[in-house]
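Engineer: Take this structure first; my questions come after.
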Amino acid sequence: MPMQTKYLFSAAMDVQPDHEAIFNEVYDREHVPTLLKVPGVIAVARFRAEPVTMIIGGQKKTIVIEHEPRYQALYEIEGPDVLTSDGWAKAVDAGRWPEHVRPFTLNRRHVLYRRLP
């Protein structure tokens with residue numbers, strides 16, 4: 001299905017290895033479902049980075065970007081104001097995320113993308 005909105009928000013990060021299990025459990029079972037209830041959040045998908053092998057300029061190359069966060073969540077949102085709404089503010093601090101997960105994340109990157117016409 002094509003994207004429905006003009007904006008995509010990316011939250012990428014690493015997690016300390018000894019907290020990886022709870023990171024994934026809380027992200028999947030609490031954090032994403034809570035954020036999906038925020039008005040203006042259309043969809044969420046989580047990804048884990050892997051090396052990419054592809055053909056560039058007629059040559060097969062494997063690309064690994066050093067220091068790139070291992071985990072990424074992509075949020076399809078209606079607009080930038082979603083990220084400063086009361087609903088978003090409450091959702092990002094709900095459940096076990098602020099105490100049991102966030103302190104153990106590192107190399108965090110947050111990026112907002114606007115779809116080109």
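We name chains A, B, ... following the order of the structure tokens; residues begin at 1 in each chain, and ligands are numbered from 1 as shown.
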With a distance cut-off of 6 Å and only C-alpha atoms, select the neighbouring residues of stretch 47-61 of chain A, excluding the residue or stretch itself and same-chain residues fewer than 2 positions from it, and output the selection as a PyMOL selection string.

Structural biologist: chain A and resi 63-64+70-72

Engineer: Env of A:Gln4: 10 Å cut, atoms = only C-alpha atoms, seq-sep filter 4 positions within chain, self excluded. Answer as number ranges by chain.

Structural biologist: A: 42-43, 76-78

Engineer: Given the selection you just returned, output its residues as a file containing N, CA and C atoms, formatted as a PDB file, in the first residue's frame.

Structural biologist:
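Heads up, here's the output in part-v3.pdb:
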```pdb
ATOM      1  N   ILE A  42      -0.280   7.151  11.800  1.00  0.00           N
ATOM      2  CA  ILE A  42      -0.987   6.295  10.849  1.00  0.00           C
ATOM      3  C   ILE A  42      -0.506   4.848  10.914  1.00  0.00           C
ATOM      4  N   ALA A  43       0.812   4.672  10.958  1.00  0.00           N
ATOM      5  CA  ALA A  43       1.390   3.326  10.939  1.00  0.00           C
ATOM      6  C   ALA A  43       2.785   3.361  11.548  1.00  0.00           C
ATOM      7  N   GLU A  76       4.691   6.573  10.171  1.00  0.00           N
ATOM      8  CA  GLU A  76       3.980   7.373   9.186  1.00  0.00           C
ATOM      9  C   GLU A  76       3.038   8.278   9.981  1.00  0.00           C
ATOM     10  N   ILE A  77       3.233   9.598   9.854  1.00  0.00           N
ATOM     11  CA  ILE A  77       2.455  10.555  10.642  1.00  0.00           C
ATOM     12  C   ILE A  77       1.815  11.604   9.733  1.00  0.00           C
ATOM     13  N   GLU A  78       0.767  12.220  10.246  1.00  0.00           N
ATOM     14  CA  GLU A  78       0.043  13.226   9.458  1.00  0.00           C
ATOM     15  C   GLU A  78       0.814  14.523   9.304  1.00  0.00           C
TER      16      GLU A  78
END
```

Engineer: Pick out each residue of stretch 23-109 of chain A that DSSP on the backbone tags as helix (DSSP H, G or I); I need them as a ChimeraX atom specification.

Structural biologist: /A:23-36,80-84,86-92,97-104

Engineer: Could you work out how far atom CA of A:Asp18 lies from atom CA of A:Ala45, giving the answer in Å with one decimal?

Structural biologist: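 So the two atoms, atom CA of A:Ala45 and atom CA of A:Asp18, lie 23.5 Å apart.
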
Engineer: Quick one: which stretch 15-40 of chain A residues come within 10 Å of stretch 79-83 of chain A, and what is the nearest atom pair for each with the distance in Å to one decimal, counting only C-alpha atoms, rows ordered by chain and ascending number, as JSON lines?

Structural biologist:
```
{"residue": "A:Val38", "atom": "CA", "partner": "A:Val82", "partner_atom": "CA", "distance": 8.0}
{"residue": "A:Pro39", "atom": "CA", "partner": "A:Val82", "partner_atom": "CA", "distance": 7.3}
{"residue": "A:Gly40", "atom": "CA", "partner": "A:Val82", "partner_atom": "CA", "distance": 5.9}
```

Engineer: Give the answer as one residue: which of A:Leu112, A:Ala21, A:Leu35, A:Leu106 has the shortest atom-to-atom distance to A:Ala89, using only C-alpha atoms?

Structural biologist: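 For A:Ala89, the nearest of the candidates is A:Leu35.
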
Engineer: Which polymer residues have any atom within 7 Å of an atom of A:Ala73, counting only C-alpha atoms, with same-chain residues fewer than 5 positions away left out, as a list in words?

Structural biologist: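 Non-adjacent residues within range: Ser10, Ala11, Ala12, Val44, Ala45, Arg46 and Phe47 of chain A.
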
Engineer: Which residues in chain A does DSSP call strand (DSSP E or B)? List them as a PyMOL selection string.

Structural biologist: chain A and resi 7-15+41-48+52-56+59-63+71-77+105-114

Engineer: Have a look at A:His100, A:Lys6, A:Arg108, A:Arg114 and name the one nearest to A:Glu68; count only C-alpha atoms.

Structural biologist: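 Answer, going by the shortest atom-to-atom distance: A:Arg108.
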
Engineer: Could you tell me how far atom CA of A:Glu99 lies from atom CA of A:His31, in Å and to one decimal?

Structural biologist: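 Result for atom CA of A:Glu99 versus atom CA of A:His31: 12.6 Å, one decimal.
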
Engineer: So what do you get for atom CA of A:Asn24 versus atom CA of A:His110, distance-wise?

Structural biologist: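 Computing the Euclidean distance for atom CA of A:Asn24 and atom CA of A:His110 yields 18.3 Å.
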
Engineer: Of the candidates A:Tyr27, A:Arg115, A:Pro103, A:Ala94, which one gets nearest to A:Pro2 if we count only C-alpha atoms?

Structural biologist: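 For A:Pro2, the nearest of the candidates is A:Arg115.
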
Engineer: Just checking: using only C-alpha atoms, which residue out of A:Ile22, A:Leu8, A:Val32, A:Met3 ends up closest to A:Thr105?

Structural biologist: A:Ile22
